[in-house]
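Colleague: Hey, dropping protein.pdb in here, PDB, C-alpha atoms, pLDDT in the B column:
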```pdb
ATOM      1  CA  MET A   1     117.006  83.356 108.976  1.00 67.00           C
ATOM      2  CA  ASP A   2     113.915  82.616 106.897  1.00 87.00           C
ATOM      3  CA  LEU A   3     113.599  82.489 103.124  1.00 86.00           C
ATOM      4  CA  ASN A   4     111.769  85.845 102.859  1.00 85.00           C
ATOM      5  CA  GLU A   5     114.554  87.633 104.709  1.00 87.00           C
ATOM      6  CA  LEU A   6     117.196  86.017 102.486  1.00 90.00           C
ATOM      7  CA  ALA A   7     115.273  87.140  99.383  1.00 87.00           C
ATOM      8  CA  LYS A   8     115.063  90.714 100.694  1.00 85.00           C
ATOM      9  CA  GLN A   9     118.794  90.737 101.412  1.00 89.00           C
ATOM     10  CA  LYS A  10     119.559  89.485  97.888  1.00 87.00           C
ATOM     11  CA  ALA A  11     117.267  92.146  96.382  1.00 85.00           C
ATOM     12  CA  GLN A  12     119.065  94.844  98.403  1.00 86.00           C
ATOM     13  CA  GLN A  13     122.415  93.505  97.186  1.00 90.00           C
ATOM     14  CA  ILE A  14     121.257  93.689  93.556  1.00 88.00           C
ATOM     15  CA  LEU A  15     119.925  97.213  94.122  1.00 84.00           C
ATOM     16  CA  ASN A  16     123.300  98.340  95.469  1.00 86.00           C
ATOM     17  CA  THR A  17     125.429  96.664  92.796  1.00 90.00           C
ATOM     18  CA  GLN A  18     123.445  96.443  89.551  1.00 92.00           C
ATOM     19  CA  GLY A  19     120.498  98.741  90.163  1.00 90.00           C
ATOM     20  CA  ILE A  20     116.798  98.007  89.929  1.00 89.00           C
ATOM     21  CA  ASP A  21     114.326  99.696  87.592  1.00 93.00           C
ATOM     22  CA  VAL A  22     111.722 101.545  89.650  1.00 94.00           C
ATOM     23  CA  ASN A  23     108.982 104.091  89.026  1.00 96.00           C
ATOM     24  CA  CYS A  24     109.038 107.293  91.028  1.00 97.00           C
ATOM     25  CA  PRO A  25     105.893 107.566  93.169  1.00 96.00           C
ATOM     26  CA  ASN A  26     105.893 111.338  92.613  1.00 98.00           C
ATOM     27  CA  CYS A  27     106.428 111.870  88.846  1.00 98.00           C
ATOM     28  CA  HIS A  28     105.894 108.222  87.763  1.00 98.00           C
ATOM     29  CA  GLN A  29     109.026 108.224  85.587  1.00 98.00           C
ATOM     30  CA  GLN A  30     111.073 105.037  85.421  1.00 97.00           C
ATOM     31  CA  PHE A  31     114.771 105.045  86.318  1.00 96.00           C
ATOM     32  CA  SER A  32     117.452 102.693  87.605  1.00 95.00           C
ATOM     33  CA  ALA A  33     117.826 103.020  91.381  1.00 94.00           C
ATOM     34  CA  HIS A  34     121.192 102.167  92.926  1.00 92.00           C
ATOM     35  CA  SER A  35     120.572 103.074  96.564  1.00 90.00           C
ATOM     36  CA  ASN A  36     117.925 102.956  99.243  1.00 90.00           C
ATOM     37  CA  PRO A  37     116.486 105.492  99.694  1.00 94.00           C
ATOM     38  CA  ALA A  38     116.355 106.234  95.971  1.00 95.00           C
ATOM     39  CA  ASN A  39     116.618 109.706  94.473  1.00 96.00           C
ATOM     40  CA  CYS A  40     114.596 110.351  91.309  1.00 97.00           C
ATOM     41  CA  PRO A  41     116.767 112.068  88.684  1.00 97.00           C
ATOM     42  CA  HIS A  42     113.650 113.495  87.003  1.00 98.00           C
ATOM     43  CA  CYS A  43     111.945 115.359  89.864  1.00 98.00           C
ATOM     44  CA  GLY A  44     114.397 115.038  92.778  1.00 97.00           C
ATOM     45  CA  ASN A  45     111.977 113.060  94.967  1.00 98.00           C
ATOM     46  CA  THR A  46     113.585 110.785  97.565  1.00 97.00           C
ATOM     47  CA  PHE A  47     111.751 107.605  98.519  1.00 96.00           C
ATOM     48  CA  THR A  48     112.350 104.230 100.113  1.00 94.00           C
ATOM     49  CA  VAL A  49     112.388 101.166  97.871  1.00 90.00           C
ATOM     50  CA  HIS A  50     110.318  98.362  99.405  1.00 86.00           C
ATOM     51  CA  PHE A  51     110.732  94.747  98.317  1.00 80.00           C
ATOM     52  CA  ASN A  52     107.589  92.640  98.110  1.00 78.00           C
ATOM     53  CA  VAL A  53     108.677  89.053  98.605  1.00 69.00           C
ATOM     54  CA  ARG A  54     106.079  86.316  98.191  1.00 67.00           C
TER      55      ARG A  54
END
```
Please rewrite the model in this file as structure tokens.
Modeller:
Amino acid sequence: MDLNELAKQKAQQILNTQGIDVNCPNCHQQFSAHSNPANCPHCGNTFTVHFNVR
């Protein structure tokens, strides 16, 4: 397994346990996502959280 894949797995683990602050692509409000796909509590939009690992 390469380093990028390990980083993505760790990010997913943090998302599921601690949450990650994201902006909704629909209403642009920030909230703490705890699942993937994420559900915006402001507008109800459901979207997939993508991790950009560099």
Colleague: Residue by residue, what does the PyMOL selection byres ((chain A and resi 5-22) around 6) grab here? Present the result as a PyMOL selection string.
Modeller: chain A and resi 2-4+23+30-35
Colleague: Provide the atom CA of Pro41 of chain A to atom CA of Pro25 of chain A distance in Å, to one decimal place.
Modeller: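 A separation of 12.6 Å between them.
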Colleague: Find the distance between atom CA of Asn52 of chain A and atom CA of Cys27 of chain A and write it in Å to one decimal.
Modeller: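 Rounded to one decimal, the two atoms are 21.4 Å apart.
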Colleague: So which residues get picked by the PyMOL selection byres ((chain A and resi 43) around 10) here, written as a ChimeraX atom specification?
Modeller: /A:24,26-29,39-42,44-46
Colleague: Go ahead and write the residues just picked, C-alpha atoms, as a PDB file, keeping the file's coordinate frame.
Modeller:
```pdb
ATOM      1  CA  CYS A  24     109.038 107.293  91.028  1.00 97.00           C
ATOM      2  CA  ASN A  26     105.893 111.338  92.613  1.00 98.00           C
ATOM      3  CA  CYS A  27     106.428 111.870  88.846  1.00 98.00           C
ATOM      4  CA  HIS A  28     105.894 108.222  87.763  1.00 98.00           C
ATOM      5  CA  GLN A  29     109.026 108.224  85.587  1.00 98.00           C
ATOM      6  CA  ASN A  39     116.618 109.706  94.473  1.00 96.00           C
ATOM      7  CA  CYS A  40     114.596 110.351  91.309  1.00 97.00           C
ATOM      8  CA  PRO A  41     116.767 112.068  88.684  1.00 97.00           C
ATOM      9  CA  HIS A  42     113.650 113.495  87.003  1.00 98.00           C
ATOM     10  CA  GLY A  44     114.397 115.038  92.778  1.00 97.00           C
ATOM     11  CA  ASN A  45     111.977 113.060  94.967  1.00 98.00           C
ATOM     12  CA  THR A  46     113.585 110.785  97.565  1.00 97.00           C
TER      13      THR A  46
END
```
Colleague: What lies within 7 Å of Val49 of chain A using only C-alpha atoms, ignoring chain neighbours under 6 positions off, as an NGL selection string?
Modeller: :A and (36-38)
